[in-house]
>>> print(open('run22.txt').read())   # compact mmCIF, C-alpha atoms
# COMPACT_ATOMS: atom_id res chain seq x y z
CA MET A 439 102.94 103.26 143.81
CA THR A 440 104.94 100.23 142.67
CA ILE A 441 103.15 97.31 141.02
CA ASN A 442 104.75 93.86 141.07
CA VAL A 443 103.54 91.72 138.17
CA ASP A 444 104.57 88.07 138.25
CA GLN A 445 104.57 85.63 135.34
CA SER A 446 101.08 84.28 136.01
CA GLU A 447 99.51 87.76 136.09
CA ALA A 448 101.39 88.79 132.94
CA THR A 449 100.18 85.64 131.18
CA ALA A 450 96.61 86.30 132.33
CA THR A 451 96.76 89.85 130.94
CA ILE A 452 97.97 88.69 127.52
CA ARG A 453 95.31 85.98 127.53
CA THR A 454 92.62 88.56 128.25
CA VAL A 455 93.87 90.77 125.42
CA SER A 456 93.98 87.81 123.06
CA ARG A 457 90.43 86.72 123.85
CA ARG A 458 89.09 90.25 123.54
CA ILE A 459 90.83 91.29 120.31
CA LEU A 460 91.81 88.29 118.20
CA PRO A 461 88.42 86.59 117.69
CA PHE A 462 86.85 89.77 116.30
CA LEU A 463 89.84 90.55 114.07
CA PHE A 464 89.74 86.93 112.92
CA VAL A 465 86.10 87.28 111.85
CA LEU A 466 86.87 90.55 110.03
CA TYR A 467 89.68 88.95 108.07
CA VAL A 468 87.61 85.87 107.23
CA VAL A 469 84.96 88.10 105.66
CA ASN A 470 87.68 90.20 104.01
CA TYR A 471 89.22 87.18 102.32
CA ILE A 472 85.87 85.75 101.32
CA ASP A 473 85.01 89.00 99.53
CA ARG A 474 88.34 89.23 97.71
CA ALA A 475 88.64 85.52 96.85
CA ASN A 476 85.05 84.49 96.10
CA ILE A 477 85.56 85.53 92.49
CA GLY A 478 87.39 82.20 92.13
CA PHE A 479 84.15 80.34 92.87
CA ALA A 480 82.01 82.81 90.92
CA ALA A 481 84.12 81.91 87.87
CA LEU A 482 82.49 78.47 87.76
CA GLN A 483 79.30 80.22 86.51
CA MET A 484 80.31 83.83 85.86
CA ASN A 485 82.93 83.23 83.16
CA LYS A 486 80.39 81.64 80.84
CA GLU A 487 77.65 84.19 81.58
CA LEU A 488 79.93 87.19 80.97
CA GLY A 489 81.92 85.57 78.17
CA LEU A 490 85.25 85.71 80.03
CA SER A 491 88.28 83.85 78.67
CA SER A 492 90.77 82.37 81.15
CA GLN A 493 93.13 85.29 80.54
CA ALA A 494 90.30 87.83 81.03
CA PHE A 495 89.32 86.17 84.30
CA GLY A 496 92.95 86.29 85.47
CA LEU A 497 93.00 90.00 84.65
CA ALA A 498 89.77 90.63 86.59
CA ALA A 499 91.05 88.69 89.61
CA GLY A 500 94.36 90.56 89.58
CA LEU A 501 93.14 94.14 89.00
CA PHE A 502 92.09 94.21 92.65
CA PHE A 503 95.76 94.47 93.59
CA TRP A 504 96.46 97.54 91.48
CA GLY A 505 93.87 99.49 93.46
CA TYR A 506 95.37 98.03 96.62
CA PHE A 507 98.88 99.04 95.55
CA LEU A 508 98.06 102.66 94.71
CA PHE A 509 96.16 103.41 97.93
CA GLU A 510 97.85 101.15 100.50
CA VAL A 511 100.35 103.62 102.00
CA PRO A 512 97.93 106.61 102.04
CA SER A 513 95.30 104.43 103.70
CA ASN A 514 97.70 103.24 106.38
CA MET A 515 98.73 106.83 107.09
CA ALA A 516 95.05 107.75 107.40
CA LEU A 517 94.58 104.89 109.87
CA ALA A 518 97.33 106.38 112.04
CA ARG A 519 95.63 109.79 111.87
CA PHE A 520 91.99 108.80 112.40
CA GLY A 521 92.50 105.74 114.59
CA ALA A 522 92.04 102.04 113.96
CA ARG A 523 88.41 101.88 115.05
CA ARG A 524 87.14 104.55 112.65
CA TRP A 525 89.35 103.71 109.69
CA ILE A 526 88.94 99.94 109.75
CA ALA A 527 85.17 100.44 110.06
CA ARG A 528 85.29 102.68 106.97
CA ILE A 529 87.26 100.09 105.05
CA LEU A 530 84.81 97.32 105.86
CA VAL A 531 81.70 99.31 104.93
CA SER A 532 83.11 100.59 101.64
CA TRP A 533 84.47 97.25 100.46
CA GLY A 534 81.22 95.52 101.50
CA ILE A 535 79.19 97.91 99.36
CA LEU A 536 81.45 97.42 96.34
CA ALA A 537 81.51 93.63 96.79
CA THR A 538 77.70 93.67 96.73
CA VAL A 539 77.55 95.87 93.62
CA MET A 540 79.68 93.30 91.77
CA ALA A 541 76.53 91.16 91.62
CA PHE A 542 75.09 93.50 88.99
CA VAL A 543 77.91 93.56 86.42
CA HIS A 544 76.96 92.65 82.85
CA SER A 545 80.25 93.03 80.99
CA PRO A 546 83.95 92.29 81.51
CA THR A 547 84.70 96.02 81.63
CA GLN A 548 82.27 96.59 84.50
CA LEU A 549 83.87 93.67 86.36
CA TYR A 550 87.36 95.10 85.80
CA VAL A 551 86.36 98.52 87.17
CA LEU A 552 84.69 97.11 90.28
CA ARG A 553 87.57 94.76 91.06
CA PHE A 554 89.97 97.72 90.89
CA LEU A 555 87.71 99.82 93.14
CA LEU A 556 87.40 96.92 95.59
CA GLY A 557 91.18 97.04 95.97
CA VAL A 558 91.03 100.81 96.55
CA ALA A 559 88.39 100.35 99.25
CA GLU A 560 90.23 97.57 101.04
CA ALA A 561 93.70 99.14 100.90
CA GLY A 562 95.25 99.55 104.33
CA PHE A 563 93.21 96.87 106.09
CA PHE A 564 95.83 94.14 106.49
CA PRO A 565 98.89 96.30 107.31
CA GLY A 566 96.72 98.35 109.64
CA ILE A 567 95.77 95.22 111.56
CA VAL A 568 99.39 93.99 111.65
CA VAL A 569 100.50 97.30 113.17
CA TYR A 570 97.47 97.36 115.48
CA LEU A 571 98.58 94.03 116.95
CA THR A 572 101.95 95.56 117.89
CA TYR A 573 100.05 98.03 120.07
CA TRP A 574 98.77 95.12 122.18
CA PHE A 575 101.37 92.33 122.06
CA ARG A 576 105.05 92.17 122.96
CA LYS A 577 107.60 90.96 120.40
CA LYS A 578 107.76 87.46 121.84
CA GLU A 579 103.99 87.11 121.38
CA VAL A 580 103.35 89.07 118.21
CA ALA A 581 104.14 86.32 115.68
CA THR A 582 101.76 83.90 117.39
CA ALA A 583 99.10 86.61 117.67
CA THR A 584 99.59 87.44 113.99
CA ALA A 585 99.40 83.75 113.10
CA LEU A 586 96.13 83.29 114.98
CA PHE A 587 94.79 86.32 113.09
CA LEU A 588 96.15 85.05 109.78
CA THR A 589 94.52 81.64 110.20
CA ALA A 590 91.51 83.60 108.99
CA ILE A 591 92.92 83.26 105.45
CA PRO A 592 92.81 79.45 105.24
CA ALA A 593 89.66 79.51 107.39
CA ALA A 594 88.07 81.88 104.87
CA TYR A 595 88.77 79.42 102.08
CA VAL A 596 87.48 76.54 104.22
CA LEU A 597 84.25 78.44 104.85
CA ALA A 598 83.99 80.20 101.51
CA ALA A 599 84.44 77.07 99.44
CA PRO A 600 81.31 75.17 100.57
CA LEU A 601 79.35 78.34 101.43
CA SER A 602 79.91 79.98 98.05
CA ALA A 603 79.23 76.74 96.21
CA LEU A 604 76.01 76.12 98.15
CA ILE A 605 74.75 79.65 97.45
CA MET A 606 75.57 79.30 93.77
CA ASP A 607 73.81 75.94 93.51
CA HIS A 608 70.71 76.71 95.57
CA VAL A 609 70.01 80.49 95.58
CA ASP A 610 68.51 81.99 92.42
CA TRP A 611 65.89 84.38 93.77
CA PHE A 612 64.29 87.03 91.54
CA GLY A 613 65.88 85.55 88.45
CA LEU A 614 69.46 86.36 89.50
CA SER A 615 72.15 83.72 89.01
CA GLY A 616 73.70 81.99 92.01
CA TRP A 617 77.06 83.71 91.60
CA ARG A 618 75.34 87.10 91.80
CA TRP A 619 73.60 86.18 95.07
CA MET A 620 76.94 84.98 96.41
CA PHE A 621 78.37 88.49 95.93
CA ILE A 622 75.28 90.13 97.48
CA LEU A 623 75.06 87.98 100.61
CA GLU A 624 78.78 87.83 101.35
CA GLY A 625 79.29 91.55 100.65
CA ALA A 626 76.42 92.59 102.91
CA LEU A 627 78.07 90.80 105.84
CA ALA A 628 81.11 93.10 105.55
CA VAL A 629 78.87 96.18 105.84
CA VAL A 630 77.27 94.83 109.03
CA LEU A 631 80.66 94.03 110.57
CA GLY A 632 81.99 97.45 109.58
CA ILE A 633 79.28 99.10 111.65
CA ALA A 634 80.00 96.72 114.55
CA CYS A 635 83.73 97.47 114.29
CA TYR A 636 83.25 101.05 115.49
CA PHE A 637 81.74 99.80 118.76
CA VAL A 638 83.96 96.75 119.37
CA LEU A 639 87.57 97.82 118.70
CA THR A 640 89.66 99.63 121.34
CA GLU A 641 92.41 101.95 120.13
CA LYS A 642 95.17 101.10 122.63
CA PRO A 643 95.72 99.44 126.03
CA ALA A 644 95.33 102.73 127.93
CA ASP A 645 91.73 102.94 126.61
CA ALA A 646 90.81 99.35 127.49
CA LYS A 647 88.12 99.54 130.16
CA TRP A 648 87.89 95.74 129.97
CA LEU A 649 91.37 95.51 131.58
CA THR A 650 92.00 96.26 135.26
CA ASP A 651 94.05 99.33 136.21
CA ARG A 652 97.02 97.08 137.05
CA GLN A 653 96.79 95.31 133.69
CA ARG A 654 96.53 98.56 131.71
CA GLN A 655 99.51 100.09 133.49
CA TRP A 656 101.66 96.97 133.21
CA LEU A 657 100.94 96.34 129.51
CA THR A 658 101.46 99.99 128.53
CA ALA A 659 104.76 100.11 130.43
CA GLU A 660 105.93 96.80 128.96
CA LEU A 661 105.28 97.89 125.38
CA ASP A 662 106.96 101.27 125.95
CA ARG A 663 109.96 99.66 127.64
CA GLU A 664 110.36 97.12 124.85
CA GLN A 665 110.30 99.82 122.19
CA GLN A 666 112.86 101.98 124.00
CA ALA A 667 115.12 98.98 124.64
CA ASN A 668 115.51 98.03 120.96
CA PRO A 669 118.94 99.41 119.99
CA ASN A 670 118.65 98.10 116.44
CA ALA A 671 115.45 99.97 115.66
CA LYS A 672 115.67 103.03 113.42
CA LYS A 673 113.16 105.81 112.95
CA LEU A 674 112.99 106.94 109.33
CA SER A 675 110.84 109.35 107.35
CA THR A 676 108.20 107.92 105.02
CA LEU A 677 110.33 108.58 101.92
CA LYS A 678 113.39 106.99 103.51
CA VAL A 679 111.35 103.94 104.51
CA MET A 680 110.17 103.56 100.91
CA ALA A 681 113.78 103.75 99.69
CA ASN A 682 115.27 101.54 102.44
CA PRO A 683 117.09 98.58 100.78
CA LYS A 684 115.86 96.08 103.40
CA VAL A 685 112.26 97.24 103.02
CA LEU A 686 112.49 97.01 99.23
CA LEU A 687 114.00 93.53 99.44
CA LEU A 688 111.15 92.39 101.68
CA ALA A 689 108.73 93.92 99.17
CA VAL A 690 110.27 91.90 96.33
CA VAL A 691 110.10 88.72 98.43
CA TYR A 692 106.44 89.37 99.19
CA PHE A 693 105.68 90.15 95.54
CA VAL A 694 107.03 86.78 94.41
CA TYR A 695 105.32 85.02 97.32
CA GLN A 696 101.94 86.59 96.56
CA ALA A 697 102.16 85.60 92.91
CA GLY A 698 102.40 81.97 93.97
CA SER A 699 99.96 82.05 96.87
CA LEU A 700 97.14 83.95 95.20
CA GLY A 701 97.73 82.28 91.86
CA VAL A 702 96.84 78.99 93.53
CA GLY A 703 94.04 80.50 95.64
CA TYR A 704 92.08 82.09 92.79
CA TRP A 705 92.48 79.14 90.43
CA LEU A 706 92.08 76.25 92.88
CA PRO A 707 88.35 75.67 92.17
CA GLN A 708 89.08 75.42 88.46
CA ILE A 709 92.16 73.25 89.08
CA VAL A 710 90.00 70.87 91.14
CA LYS A 711 87.38 70.83 88.39
CA GLY A 712 90.11 69.97 85.91
CA PHE A 713 90.94 66.83 87.93
CA SER A 714 87.44 65.45 87.28
CA SER A 715 84.87 66.95 84.90
CA GLY A 716 82.07 65.13 86.72
CA LEU A 717 82.35 67.20 89.92
CA GLY A 718 79.53 69.66 90.76
CA ASN A 719 80.07 73.09 92.33
CA THR A 720 79.28 71.89 95.86
CA ALA A 721 81.72 68.96 95.61
CA ILE A 722 84.40 71.29 94.22
CA GLY A 723 83.79 73.65 97.14
CA PHE A 724 84.27 70.96 99.78
CA ILE A 725 87.34 69.47 98.08
CA SER A 726 88.90 72.93 97.68
CA ALA A 727 88.56 73.49 101.43
CA ILE A 728 90.72 70.50 102.42
CA PRO A 729 94.17 72.02 101.68
CA TYR A 730 93.36 75.08 103.79
CA VAL A 731 92.61 72.99 106.87
CA ALA A 732 96.15 71.61 106.68
CA ALA A 733 97.50 75.11 106.02
CA ALA A 734 95.81 76.57 109.11
CA LEU A 735 97.19 73.89 111.44
CA GLY A 736 100.70 74.12 110.03
CA MET A 737 100.67 77.91 110.16
CA VAL A 738 99.88 78.13 113.90
CA TRP A 739 102.41 75.45 114.86
CA TRP A 740 105.22 77.02 112.81
CA SER A 741 104.54 80.54 114.12
CA ARG A 742 104.60 79.36 117.71
CA ARG A 743 107.90 77.66 116.98
CA SER A 744 109.23 80.95 115.58
CA ASP A 745 108.15 82.80 118.74
CA ARG A 746 109.60 80.10 120.98
CA ARG A 747 112.97 80.15 119.19
CA GLY A 748 112.98 83.92 118.75
CA GLU A 749 113.98 83.48 115.08
CA ARG A 750 112.31 84.96 111.98
CA LYS A 751 114.53 84.66 108.89
CA LEU A 752 114.82 80.86 108.61
CA HIS A 753 111.22 80.47 109.75
CA SER A 754 110.26 82.64 106.76
CA ALA A 755 112.54 80.90 104.26
CA ILE A 756 112.02 77.19 105.02
CA PRO A 757 108.24 77.23 104.31
CA LEU A 758 108.95 78.83 100.92
CA ALA A 759 111.30 75.97 100.04
CA LEU A 760 108.56 73.48 100.92
CA ALA A 761 106.03 75.40 98.83
CA ALA A 762 108.37 75.60 95.82
CA ILE A 763 109.00 71.85 95.77
CA THR A 764 105.39 70.80 96.27
CA LEU A 765 103.92 73.35 93.84
CA THR A 766 106.21 72.04 91.13
CA GLY A 767 105.28 68.49 92.04
CA ALA A 768 101.56 69.32 91.90
CA GLY A 769 101.99 70.73 88.41
CA LEU A 770 103.68 67.53 87.23
CA ALA A 771 101.39 65.07 89.07
CA HIS A 772 98.93 63.02 87.04
CA SER A 773 97.03 61.58 90.01
CA PRO A 774 94.24 63.83 91.40
CA VAL A 775 94.85 62.53 94.94
CA LEU A 776 98.61 63.15 94.76
CA GLY A 777 98.02 66.55 93.15
CA MET A 778 95.69 67.67 95.95
CA ALA A 779 98.07 66.36 98.63
CA LEU A 780 100.94 68.35 97.12
CA ILE A 781 98.76 71.47 96.83
CA ALA A 782 97.86 71.06 100.53
CA LEU A 783 101.56 70.91 101.43
CA SER A 784 102.35 73.92 99.25
CA LEU A 785 99.64 76.02 100.88
CA THR A 786 100.85 74.91 104.31
CA GLY A 787 104.29 76.24 103.41
CA MET A 788 102.92 79.49 101.99
CA TYR A 789 100.79 80.31 105.01
CA SER A 790 103.48 79.26 107.51
CA PHE A 791 105.74 81.86 105.89
CA LYS A 792 103.49 84.81 106.72
CA SER A 793 103.78 85.40 110.48
CA PRO A 794 107.58 85.16 110.83
CA PHE A 795 107.94 87.32 107.71
CA TRP A 796 105.79 90.14 109.10
CA ALA A 797 107.85 90.14 112.29
CA LEU A 798 111.05 90.94 110.34
CA PRO A 799 110.53 94.74 109.91
CA THR A 800 110.26 95.30 113.67
CA GLN A 801 113.77 93.92 114.11
CA PHE A 802 115.41 96.88 112.39
CA LEU A 803 112.77 99.67 112.54
CA THR A 804 110.85 101.45 115.29
CA ARG A 805 107.16 100.64 115.71
CA SER A 806 105.94 103.81 113.97
CA THR A 807 108.40 103.41 111.10
CA ALA A 808 107.61 99.70 110.83
CA ALA A 809 103.96 100.69 110.26
CA VAL A 810 104.93 102.48 107.06
CA ALA A 811 107.32 99.67 106.11
CA VAL A 812 104.57 97.08 106.42
CA ALA A 813 102.33 99.20 104.20
CA VAL A 814 105.11 99.61 101.61
CA VAL A 815 105.96 95.91 101.59
CA ASN A 816 102.30 94.90 101.44
CA SER A 817 101.38 97.36 98.68
CA ILE A 818 104.30 96.50 96.39
CA GLY A 819 104.14 92.83 97.25
CA ASN A 820 100.43 92.55 96.57
CA LEU A 821 101.04 93.37 92.92
CA GLY A 822 102.11 89.74 92.81
CA GLY A 823 98.43 89.03 93.33
CA PHE A 824 97.87 90.52 89.88
CA PHE A 825 100.77 88.71 88.27
CA GLY A 826 100.08 85.19 89.63
CA PRO A 827 96.42 84.76 88.59
CA TYR A 828 97.07 86.46 85.24
CA ALA A 829 100.06 84.20 84.55
CA ILE A 830 98.03 81.05 85.23
CA GLY A 831 95.26 82.38 82.96
CA TRP A 832 97.78 82.93 80.18
CA VAL A 833 99.22 79.44 80.65
CA LYS A 834 95.73 77.89 80.65
CA ASP A 835 94.75 79.68 77.43
CA SER A 836 98.05 78.59 75.85
CA THR A 837 98.11 74.97 77.01
CA GLY A 838 94.49 74.16 77.86
CA SER A 839 95.40 73.30 81.47
CA ALA A 840 95.88 75.44 84.57
CA THR A 841 98.10 72.86 86.27
CA GLY A 842 101.06 73.79 84.06
CA GLY A 843 100.98 77.19 85.72
CA LEU A 844 101.73 75.52 89.06
CA VAL A 845 105.23 74.62 87.83
CA PHE A 846 105.80 78.27 86.93
CA LEU A 847 104.56 79.41 90.36
CA GLY A 848 106.79 76.80 92.00
CA ALA A 849 109.79 78.41 90.29
CA LEU A 850 108.70 81.84 91.52
CA THR A 851 108.38 80.56 95.08
CA ALA A 852 111.88 79.08 94.86
CA LEU A 853 113.07 82.57 93.92
CA ALA A 854 111.29 83.99 96.99
CA PHE A 855 113.15 81.44 99.15
CA ALA A 856 116.50 82.49 97.68
CA LEU A 857 115.76 86.19 98.22
CA THR A 858 114.65 85.61 101.82
CA MET A 859 117.96 83.93 102.58
CA THR A 860 119.75 87.14 101.55
CA VAL A 861 117.91 89.28 104.13
CA ARG A 862 120.29 90.51 106.82
CA THR A 863 118.90 90.56 110.33
CA PRO A 864 120.45 92.22 113.40
CA LYS A 865 122.91 90.10 115.36
CA GLY A 866 121.07 87.63 117.54
CA HIS A 867 118.04 87.39 115.25
CA GLY A 868 119.47 85.25 112.47
CA GLN A 869 120.15 82.10 114.49
CA LEU A 870 117.76 79.76 116.23
CA ARG A 871 117.73 80.39 119.94
CA ASP A 872 115.45 79.86 122.90
CA GLN A 873 113.67 82.79 124.50
CA PRO A 874 115.07 83.64 127.93
CA HIS A 875 112.88 83.00 130.94
CA THR A 876 110.65 86.02 131.65
CA THR A 877 111.25 87.59 135.03
CA PRO A 878 108.68 89.58 137.00
CA THR A 879 108.31 93.15 135.79
CA ARG A 880 108.24 96.20 138.02
CA THR A 881 106.26 99.24 136.93
CA THR A 882 105.41 102.37 138.82
CA ALA A 883 101.83 103.55 138.92
>>> encode(input="run22.txt", output="structure tokens")
Amino acid sequence: MTINVDQSEATATIRTVSRRILPFLFVLYVVNYIDRANIGFAALQMNKELGLSSQAFGLAAGLFFWGYFLFEVPSNMALARFGARRWIARILVSWGILATVMAFVHSPTQLYVLRFLLGVAEAGFFPGIVVYLTYWFRKKEVATATALFLTAIPAAYVLAAPLSALIMDHVDWFGLSGWRWMFILEGALAVVLGIACYFVLTEKPADAKWLTDRQRQWLTAELDREQQANPNAKKLSTLKVMANPKVLLLAVVYFVYQAGSLGVGYWLPQIVKGFSSGLGNTAIGFISAIPYVAAALGMVWWSRRSDRRGERKLHSAIPLALAAITLTGAGLAHSPVLGMALIALSLTGMYSFKSPFWALPTQFLTRSTAAVAVAVVNSIGNLGGFFGPYAIGWVKDSTGSATGGLVFLGALTALAFALTMTVRTPKGHGQLRDQPHTTPTRTTA
């Protein structure tokens, strides 16, 4: 039996998939980022209570990424073996438990250990989701789908900033400090969602009972046809992927990028407090959320532009140039309003970089090999999440101000821009071009 699928039916199928999958993944990533980044807000109370110096706090914030680095690739391989539904549910439950236990630390050493274990528990979540999206979306849609998922990062900061600050200022039950209740309440939410994940996620289009037979058959055939039609894609063993020069270059780019992005993210509440000593935690929380609203809007627009033009390299590099210039400017600015505006622009550039960047590996690797490549790039690159916060902590202890660290991170982001421009993409992917008009697809049932 031959099924004729016209453009309107194809669009309706992708819309159904988007509505069924993306909102839930969005919520998961919001909670994920809240639990990894809320230490930045906890620092407003926690550093004094635990006797943490700025450098010690930077170490605690960054140790998360060493656990992430060591267990990222094994976790992503386990996801492929056990399936997304089971493995992502496991990740959520385990990191939620550890995030909750962080409420009961009483020494810097205990905090260091739990931050490392939190990275171990969470390892594999993000690259697993990125690969999972390729099981549901075609190449011309995957950057936009990834962007809509990744808006969870700025959204997490928008939500976490006022939420965490409000909890810290108003919840002190049973004699526990507000920052401890913040860890308990936000960590418990991850456990609940982990249990829900097992019942909500669908492994692949062929298993989707919420699609019609025609939609399942068409989408499965489209994804298979697209994979087979990619002459530039290579299938490599895990060891060869880890040694592939292009993969390693992308890992270096992501390392430098993460140092800048997470350096700003973890320290932003304290940077805002440095602008005015009279601000309370709640005010700091709401002010810290503003740059992420701009970042979310810019990220979606830029990713759609990348999909529409069918171009990834320049759409990855240009946002880094913007971030480098504005981060440096924020570090040199003396006006709080100008400083926050420049930080907003820098975060917009950083988050706009993400979706086109994660589409690059699929241009020269097969889907299964790209899964390992994403894990390798993410695991090595996330070590920048250790370096960035620690570097700002060192600068703050040395100079008395965290804003000087922004100039250093601006220089790192400029390096990421330069490295991205050296990435070689297959012919036809390095220049801006419009996507060809989609013609009706024929599949045989």
>>> closest_residue(input="run22.txt", among="A:Gly736, A:Gly767, A:Pro461, A:Gly701", to="Lys792 of chain A", atoms="only C-alpha atoms")
A:Gly736
>>> closest_residue(input="run22.txt", among="A:Ala561, A:Met859, A:Leu466, A:Leu549", to="Phe507 of chain A", atoms="only C-alpha atoms")
A:Ala561
>>> residues_around(input="run22.txt", residues="Leu770 of chain A", least_positions_apart="2", cutoff="8 Å", atoms="only C-alpha atoms", output="MDAnalysis selection string")
chainID A and resid 766:768 772 841:842 845
>>> residues_around(input="run22.txt", residues="segment 583-595 of chain A", least_positions_apart="5", cutoff="8 Å", atoms="all atoms listed in the file", output="list in words")
Ser456, Leu460, Pro461, Leu463, Phe464, Val465, Tyr467, Val468, Val469, Tyr471, Ile472, Val568, Leu571, Phe575, Ser726, Ala727, Tyr730, Val731, Ala733, Ala734, Met737, Val738, Ser741, Lys792 and Ser793 of chain A
>>> residues_around(input="run22.txt", residues="Phe479 of chain A", least_positions_apart="6", cutoff="8 Å", atoms="all atoms listed in the file", output="NGL selection string")
:A and (599 or 602-603 or 617 or 707 or 723)
>>> atom_distance(input="run22.txt", atom1="atom CA of Pro827 of chain A", atom2="atom CA of Ile725 of chain A")
20.2 Å
>>> residues_around(input="run22.txt", residues="Ala761 of chain A", least_positions_apart="5", cutoff="12 Å", atoms="all atoms listed in the file", output="MDAnalysis selection string")
chainID A and resid 695 698:699 702 733 754:756 766:768 780:791 844:845 847:855
>>> write_last_selection(input="run22.txt", atoms="C-alpha atoms", output="short mmCIF file (atom, residue, chain, number, x, y, z; two decimals), in the coordinates of the input")
data_model
loop_
_atom_site.label_atom_id
_atom_site.label_comp_id
_atom_site.auth_asym_id
_atom_site.auth_seq_id
_atom_site.Cartn_x
_atom_site.Cartn_y
_atom_site.Cartn_z
CA TYR A 695 105.32 85.02 97.32
CA GLY A 698 102.40 81.97 93.97
CA SER A 699 99.96 82.05 96.87
CA VAL A 702 96.84 78.99 93.53
CA ALA A 733 97.50 75.11 106.02
CA SER A 754 110.26 82.64 106.76
CA ALA A 755 112.54 80.90 104.26
CA ILE A 756 112.02 77.19 105.02
CA THR A 766 106.21 72.04 91.13
CA GLY A 767 105.28 68.49 92.04
CA ALA A 768 101.56 69.32 91.90
CA LEU A 780 100.94 68.35 97.12
CA ILE A 781 98.76 71.47 96.83
CA ALA A 782 97.86 71.06 100.53
CA LEU A 783 101.56 70.91 101.43
CA SER A 784 102.35 73.92 99.25
CA LEU A 785 99.64 76.02 100.88
CA THR A 786 100.85 74.91 104.31
CA GLY A 787 104.29 76.24 103.41
CA MET A 788 102.92 79.49 101.99
CA TYR A 789 100.79 80.31 105.01
CA SER A 790 103.48 79.26 107.51
CA PHE A 791 105.74 81.86 105.89
CA LEU A 844 101.73 75.52 89.06
CA VAL A 845 105.23 74.62 87.83
CA LEU A 847 104.56 79.41 90.36
CA GLY A 848 106.79 76.80 92.00
CA ALA A 849 109.79 78.41 90.29
CA LEU A 850 108.70 81.84 91.52
CA THR A 851 108.38 80.56 95.08
CA ALA A 852 111.88 79.08 94.86
CA LEU A 853 113.07 82.57 93.92
CA ALA A 854 111.29 83.99 96.99
CA PHE A 855 113.15 81.44 99.15
#
>>> residues_around(input="run22.txt", residues="Ala516 of chain A", least_positions_apart="2", cutoff="12 Å", atoms="only C-alpha atoms", output="short mmCIF file (atom, residue, chain, number, x, y, z; two decimals) with C-alpha atoms, in the coordinates of the input")
data_model
loop_
_atom_site.label_atom_id
_atom_site.label_comp_id
_atom_site.auth_asym_id
_atom_site.auth_seq_id
_atom_site.Cartn_x
_atom_site.Cartn_y
_atom_site.Cartn_z
CA PHE A 509 96.16 103.41 97.93
CA GLU A 510 97.85 101.15 100.50
CA VAL A 511 100.35 103.62 102.00
CA PRO A 512 97.93 106.61 102.04
CA SER A 513 95.30 104.43 103.70
CA ASN A 514 97.70 103.24 106.38
CA ALA A 518 97.33 106.38 112.04
CA ARG A 519 95.63 109.79 111.87
CA PHE A 520 91.99 108.80 112.40
CA GLY A 521 92.50 105.74 114.59
CA ALA A 522 92.04 102.04 113.96
CA ARG A 523 88.41 101.88 115.05
CA ARG A 524 87.14 104.55 112.65
CA TRP A 525 89.35 103.71 109.69
CA ILE A 526 88.94 99.94 109.75
CA ARG A 528 85.29 102.68 106.97
CA ILE A 529 87.26 100.09 105.05
CA ALA A 561 93.70 99.14 100.90
CA GLY A 562 95.25 99.55 104.33
CA PHE A 563 93.21 96.87 106.09
CA GLY A 566 96.72 98.35 109.64
CA ALA A 809 103.96 100.69 110.26
CA VAL A 810 104.93 102.48 107.06
CA ALA A 813 102.33 99.20 104.20
#
>>> closest_residue(input="run22.txt", among="A:Gly616, A:Gly843, A:Pro683, A:Pro794", to="Met484 of chain A", atoms="only C-alpha atoms")
A:Gly616
>>> atom_distance(input="run22.txt", atom1="atom CA of Phe693 of chain A", atom2="atom CA of Gly822 of chain A")
4.5 Å
>>> atom_distance(input="run22.txt", atom1="atom CA of Thr860 of chain A", atom2="atom CA of Ile818 of chain A")
18.8 Å
>>> axis_aligned_box(input="run22.txt", around="segment 531-550 of chain A", padding_each_side="4 Å", output="AutoDock Vina command-line options")
--center_x 81.2 --center_y 95.9 --center_z 93.0 --size_x 20.3 --size_y 17.4 --size_z 31.9
